[in-house]
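J.: File structure-v9.pdb below, PDB, C-alpha atoms, pLDDT in the B column:
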ATOM      1  CA  MET W   1     -89.520  96.749 -17.549  1.00 62.00           C
ATOM      2  CA  LYS W   2     -88.669  93.622 -19.521  1.00 71.00           C
ATOM      3  CA  LEU W   3     -90.845  92.514 -22.387  1.00 71.00           C
ATOM      4  CA  SER W   4     -91.373  89.077 -20.821  1.00 71.00           C
ATOM      5  CA  THR W   5     -92.633  90.707 -17.623  1.00 79.00           C
ATOM      6  CA  LYS W   6     -95.076  92.845 -19.603  1.00 80.00           C
ATOM      7  CA  LEU W   7     -96.319  89.834 -21.574  1.00 77.00           C
ATOM      8  CA  THR W   8     -96.760  87.868 -18.340  1.00 82.00           C
ATOM      9  CA  LYS W   9     -98.831  90.678 -16.854  1.00 81.00           C
ATOM     10  CA  ILE W  10    -100.943  91.011 -19.998  1.00 81.00           C
ATOM     11  CA  THR W  11    -101.516  87.247 -20.143  1.00 82.00           C
ATOM     12  CA  SER W  12    -102.509  87.218 -16.467  1.00 81.00           C
ATOM     13  CA  ILE W  13    -104.973  90.054 -16.986  1.00 81.00           C
ATOM     14  CA  VAL W  14    -106.547  88.332 -19.996  1.00 77.00           C
ATOM     15  CA  ALA W  15    -106.800  85.076 -18.043  1.00 75.00           C
ATOM     16  CA  LEU W  16    -108.490  86.846 -15.146  1.00 75.00           C
ATOM     17  CA  LEU W  17    -110.916  88.558 -17.500  1.00 74.00           C
ATOM     18  CA  MET W  18    -111.834  85.169 -18.998  1.00 71.00           C
ATOM     19  CA  LEU W  19    -112.734  83.665 -15.586  1.00 69.00           C
ATOM     20  CA  PRO W  20    -116.417  84.729 -15.694  1.00 67.00           C
ATOM     21  CA  VAL W  21    -116.789  82.894 -19.002  1.00 62.00           C
ATOM     22  CA  VAL W  22    -115.575  79.686 -17.385  1.00 60.00           C
ATOM     23  CA  ALA W  23    -117.550  80.278 -14.171  1.00 60.00           C
ATOM     24  CA  PHE W  24    -120.836  80.734 -16.009  1.00 60.00           C
ATOM     25  CA  ALA W  25    -120.343  77.751 -18.309  1.00 57.00           C
ATOM     26  CA  GLN W  26    -123.418  75.561 -18.043  1.00 56.00           C
ATOM     27  CA  PHE W  27    -124.586  72.329 -19.481  1.00 54.00           C
ATOM     28  CA  SER W  28    -127.384  72.812 -21.969  1.00 54.00           C
ATOM     29  CA  VAL W  29    -130.779  71.581 -20.843  1.00 54.00           C
ATOM     30  CA  PRO W  30    -132.650  69.674 -23.554  1.00 55.00           C
ATOM     31  CA  GLY W  31    -135.577  71.622 -24.932  1.00 55.00           C
ATOM     32  CA  THR W  32    -134.302  75.029 -23.871  1.00 57.00           C
ATOM     33  CA  ARG W  33    -132.425  77.552 -25.909  1.00 56.00           C
ATOM     34  CA  PRO W  34    -129.462  79.198 -24.180  1.00 53.00           C
ATOM     35  CA  THR W  35    -129.215  82.973 -24.310  1.00 56.00           C
ATOM     36  CA  GLY W  36    -126.473  85.530 -23.815  1.00 55.00           C
ATOM     37  CA  PHE W  37    -122.748  84.971 -24.228  1.00 52.00           C
ATOM     38  CA  ALA W  38    -123.145  81.231 -24.745  1.00 53.00           C
ATOM     39  CA  THR W  39    -125.104  81.624 -27.978  1.00 55.00           C
ATOM     40  CA  PHE W  40    -122.735  84.324 -29.221  1.00 55.00           C
ATOM     41  CA  THR W  41    -119.640  82.115 -28.920  1.00 56.00           C
ATOM     42  CA  GLY W  42    -121.303  78.786 -29.663  1.00 62.00           C
ATOM     43  CA  CYS W  43    -120.556  77.763 -26.083  1.00 68.00           C
ATOM     44  CA  THR W  44    -123.385  75.367 -25.305  1.00 70.00           C
ATOM     45  CA  THR W  45    -121.468  72.611 -23.481  1.00 72.00           C
ATOM     46  CA  VAL W  46    -118.401  72.603 -21.273  1.00 73.00           C
ATOM     47  CA  SER W  47    -116.257  71.047 -24.011  1.00 75.00           C
ATOM     48  CA  ASN W  48    -117.419  73.694 -26.496  1.00 78.00           C
ATOM     49  CA  CYS W  49    -116.592  76.433 -23.983  1.00 79.00           C
ATOM     50  CA  ILE W  50    -113.109  75.064 -23.380  1.00 81.00           C
ATOM     51  CA  THR W  51    -112.515  74.713 -27.119  1.00 83.00           C
ATOM     52  CA  THR W  52    -113.748  78.261 -27.720  1.00 83.00           C
ATOM     53  CA  ILE W  53    -111.532  79.709 -24.985  1.00 85.00           C
ATOM     54  CA  ILE W  54    -108.443  77.850 -26.194  1.00 87.00           C
ATOM     55  CA  THR W  55    -109.130  78.922 -29.784  1.00 87.00           C
ATOM     56  CA  ILE W  56    -109.450  82.568 -28.702  1.00 88.00           C
ATOM     57  CA  LEU W  57    -106.192  82.347 -26.732  1.00 90.00           C
ATOM     58  CA  LEU W  58    -104.423  80.745 -29.703  1.00 91.00           C
ATOM     59  CA  ALA W  59    -105.678  83.558 -31.923  1.00 90.00           C
ATOM     60  CA  VAL W  60    -104.337  86.163 -29.493  1.00 90.00           C
ATOM     61  CA  VAL W  61    -100.940  84.436 -29.329  1.00 92.00           C
ATOM     62  CA  PHE W  62    -100.897  84.173 -33.126  1.00 92.00           C
ATOM     63  CA  VAL W  63    -101.503  87.922 -33.413  1.00 92.00           C
ATOM     64  CA  PHE W  64     -98.642  88.586 -30.968  1.00 92.00           C
ATOM     65  CA  ALA W  65     -96.320  86.355 -33.004  1.00 92.00           C
ATOM     66  CA  VAL W  66     -97.224  88.144 -36.232  1.00 92.00           C
ATOM     67  CA  VAL W  67     -96.652  91.529 -34.550  1.00 92.00           C
ATOM     68  CA  PHE W  68     -93.207  90.373 -33.421  1.00 92.00           C
ATOM     69  CA  LEU W  69     -92.489  89.163 -36.952  1.00 93.00           C
ATOM     70  CA  ILE W  70     -93.316  92.637 -38.242  1.00 93.00           C
ATOM     71  CA  ILE W  71     -91.183  94.245 -35.517  1.00 92.00           C
ATOM     72  CA  GLY W  72     -88.261  91.969 -36.396  1.00 92.00           C
ATOM     73  CA  GLY W  73     -88.602  92.823 -40.076  1.00 91.00           C
ATOM     74  CA  PHE W  74     -88.707  96.518 -39.269  1.00 92.00           C
ATOM     75  CA  ARG W  75     -85.596  96.223 -37.086  1.00 92.00           C
ATOM     76  CA  TYR W  76     -83.833  94.325 -39.852  1.00 91.00           C
ATOM     77  CA  ILE W  77     -84.636  97.053 -42.369  1.00 91.00           C
ATOM     78  CA  VAL W  78     -83.523  99.936 -40.138  1.00 92.00           C
ATOM     79  CA  SER W  79     -80.362  98.227 -38.826  1.00 89.00           C
ATOM     80  CA  GLN W  80     -78.328  99.825 -41.638  1.00 85.00           C
ATOM     81  CA  GLY W  81     -75.634  97.164 -41.642  1.00 81.00           C
ATOM     82  CA  ASN W  82     -74.997  97.195 -37.887  1.00 89.00           C
ATOM     83  CA  GLU W  83     -74.168  93.526 -37.308  1.00 91.00           C
ATOM     84  CA  GLU W  84     -75.389  93.469 -33.722  1.00 92.00           C
ATOM     85  CA  ALA W  85     -78.752  94.982 -34.683  1.00 90.00           C
ATOM     86  CA  VAL W  86     -79.040  92.602 -37.657  1.00 92.00           C
ATOM     87  CA  GLU W  87     -78.465  89.581 -35.397  1.00 93.00           C
ATOM     88  CA  LYS W  88     -81.079  90.796 -32.897  1.00 92.00           C
ATOM     89  CA  ALA W  89     -83.558  91.334 -35.735  1.00 91.00           C
ATOM     90  CA  LYS W  90     -82.862  87.876 -37.161  1.00 93.00           C
ATOM     91  CA  GLY W  91     -83.371  86.383 -33.698  1.00 93.00           C
ATOM     92  CA  THR W  92     -86.711  88.155 -33.355  1.00 93.00           C
ATOM     93  CA  ILE W  93     -87.805  86.953 -36.795  1.00 93.00           C
ATOM     94  CA  VAL W  94     -86.766  83.339 -36.128  1.00 94.00           C
ATOM     95  CA  ASN W  95     -88.443  83.286 -32.709  1.00 94.00           C
ATOM     96  CA  SER W  96     -91.669  84.744 -34.079  1.00 94.00           C
ATOM     97  CA  ILE W  97     -91.747  82.177 -36.892  1.00 94.00           C
ATOM     98  CA  ILE W  98     -91.227  79.420 -34.317  1.00 94.00           C
ATOM     99  CA  GLY W  99     -94.113  80.905 -32.311  1.00 92.00           C
ATOM    100  CA  ILE W 100     -96.368  80.942 -35.371  1.00 93.00           C
ATOM    101  CA  VAL W 101     -95.539  77.295 -36.121  1.00 94.00           C
ATOM    102  CA  VAL W 102     -96.184  76.282 -32.498  1.00 94.00           C
ATOM    103  CA  VAL W 103     -99.565  78.073 -32.485  1.00 93.00           C
ATOM    104  CA  LEU W 104    -100.596  76.439 -35.767  1.00 93.00           C
ATOM    105  CA  LEU W 105     -99.574  72.993 -34.508  1.00 94.00           C
ATOM    106  CA  ALA W 106    -101.449  73.567 -31.237  1.00 93.00           C
ATOM    107  CA  TRP W 107    -104.543  74.530 -33.219  1.00 91.00           C
ATOM    108  CA  VAL W 108    -104.281  71.384 -35.356  1.00 92.00           C
ATOM    109  CA  ILE W 109    -103.793  69.192 -32.276  1.00 91.00           C
ATOM    110  CA  LEU W 110    -106.767  70.849 -30.567  1.00 89.00           C
ATOM    111  CA  ASN W 111    -109.008  70.177 -33.567  1.00 87.00           C
ATOM    112  CA  VAL W 112    -107.857  66.552 -33.844  1.00 88.00           C
ATOM    113  CA  VAL W 113    -108.457  65.910 -30.140  1.00 86.00           C
ATOM    114  CA  VAL W 114    -111.865  67.617 -30.176  1.00 83.00           C
ATOM    115  CA  ASN W 115    -112.932  65.616 -33.243  1.00 82.00           C
ATOM    116  CA  LEU W 116    -111.794  62.364 -31.611  1.00 82.00           C
ATOM    117  CA  VAL W 117    -113.602  63.163 -28.380  1.00 80.00           C
ATOM    118  CA  ASN W 118    -116.797  64.216 -30.158  1.00 76.00           C
ATOM    119  CA  ARG W 119    -116.752  61.171 -32.417  1.00 76.00           C
ATOM    120  CA  GLY W 120    -116.202  58.773 -29.549  1.00 66.00           C
ATOM    121  CA  SER W 121    -114.405  55.491 -29.574  1.00 56.00           C
ATOM    122  CA  PRO W 122    -114.017  54.103 -33.106  1.00 57.00           C
ATOM    123  CA  THR W 123    -114.012  50.499 -31.879  1.00 58.00           C
ATOM    124  CA  THR W 124    -116.594  48.866 -29.666  1.00 53.00           C
ATOM    125  CA  ILE W 125    -115.932  45.721 -27.699  1.00 49.00           C
TER     126      ILE W 125
END
Would you encode the structure as structure tokens?
T.:
Amino acid sequence: MKLSTKLTKITSIVALLMLPVVAFAQFSVPGTRPTGFATFTGCTTVSNCITTIITILLAVVFVFAVVFLIIGGFRYIVSQGNEEAVEKAKGTIVNSIIGIVVVLLAWVILNVVVNLVNRGSPTTI
């Protein structure tokens, strides 16, 4: 089975397991204190829940990218001068670094957008 097929299945399973979190997302009622999963994750509003879920998914993808970086480094070390194996290892390393950069940029963009939305419009007419 291809690696991309396995990753697609794993991502689908994780997404399906996260559905109850989205389904039970509730607006906070003033004067009441939420209990359960919402207080554990800081998920008190819908926007906080979405931000929390996206942050968790970005962390999972970041871990996968770091694991692939380690795998690529290991393959590079054990290639023993075989040019084909060295090229595959270099490809894995480059792709994992690109993945890490994309995840970090997505995290920065998420934080900028959330801060802009929470702050509101800077100009009033």
J.: Can you work out which one of W:Leu110, W:Leu69, W:Val117, W:Ile56 has the shortest atom-to-atom distance to Val94 in chain W, counting only C-alpha atoms?
T.: W:Leu69
J.: Calculate how many Å separate CA of Ile70 in chain W from CA of Ser4 in chain W, rounding to one decimal.
T.: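 Answer for the CA of Ile70 in chain W to CA of Ser4 in chain W separation: 17.9 Å.
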J.: If I wrap all listed atoms of range 44-56 of chain W in a box with edges along x, y and z and add 5 Å on each side, what are its centre and edge lengths in Å to one decimal, as lines of an AutoDock Vina configuration file?
T.:
center_x = -115.9
center_y = 76.8
center_z = -25.5
size_x = 24.9
size_y = 21.5
size_z = 18.5
J.: Residues within 12 Å of Val60 in chain W, please, as a list in words. Count only C-alpha atoms; anything in the same chain fewer than 5 positions from it doesn't count.
T.: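 The contact residues come out as Leu7, Ile10, Thr11, Val14, Ala15, Ile53, Ile54, Thr55, Ala65, Val66, Val67, Gly99, Ile100 and Val103 of chain W.
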J.: Can you write just those residues out, C-alpha atoms, as an mmCIF file, in the coordinates of the input?
T.:
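Result went into result09.cif, see below:
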data_model
loop_
_atom_site.group_PDB
_atom_site.id
_atom_site.type_symbol
_atom_site.label_atom_id
_atom_site.label_comp_id
_atom_site.auth_asym_id
_atom_site.auth_seq_id
_atom_site.Cartn_x
_atom_site.Cartn_y
_atom_site.Cartn_z
ATOM 1 C CA LEU W 7 -96.319 89.834 -21.574
ATOM 2 C CA ILE W 10 -100.943 91.011 -19.998
ATOM 3 C CA THR W 11 -101.516 87.247 -20.143
ATOM 4 C CA VAL W 14 -106.547 88.332 -19.996
ATOM 5 C CA ALA W 15 -106.800 85.076 -18.043
ATOM 6 C CA ILE W 53 -111.532 79.709 -24.985
ATOM 7 C CA ILE W 54 -108.443 77.850 -26.194
ATOM 8 C CA THR W 55 -109.130 78.922 -29.784
ATOM 9 C CA ALA W 65 -96.320 86.355 -33.004
ATOM 10 C CA VAL W 66 -97.224 88.144 -36.232
ATOM 11 C CA VAL W 67 -96.652 91.529 -34.550
ATOM 12 C CA GLY W 99 -94.113 80.905 -32.311
ATOM 13 C CA ILE W 100 -96.368 80.942 -35.371
ATOM 14 C CA VAL W 103 -99.565 78.073 -32.485
#
J.: Under the PyMOL selection byres ((chain W and resi 76) around 10), which residues of this model are included? Write them out as a list of chain:residue names.
T.: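 In the shown coordinates, the PyMOL selection byres ((chain W and resi 76) around 10) covers W:Ile70, W:Ile71, W:Gly72, W:Gly73, W:Phe74, W:Arg75, W:Ile77, W:Val78, W:Ser79, W:Gln80, W:Gly81, W:Asn82, W:Ala85, W:Val86, W:Glu87, W:Lys88, W:Ala89, W:Lys90, W:Thr92, W:Ile93.
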J.: Which residue, W:Leu17, W:Leu3, W:Val102, W:Val114, has the smallest gap to Ala59 in chain W when you use all atoms listed in the file?
T.: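 Nearest candidate to Ala59 in chain W out of W:Leu17, W:Leu3, W:Val102, W:Val114: W:Val102.
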J.: Between CA of Leu116 in chain W and CA of Ile98 in chain W, what distance in Å does the model show, to one decimal?
T.: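 Atom-to-atom, CA of Leu116 in chain W to CA of Ile98 in chain W, that is 26.9 Å.
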J.: So how far away is CA of Asn115 in chain W from CA of Thr51 in chain W, in Å?
T.: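 So the two atoms, CA of Thr51 in chain W and CA of Asn115 in chain W, lie 11.0 Å apart.
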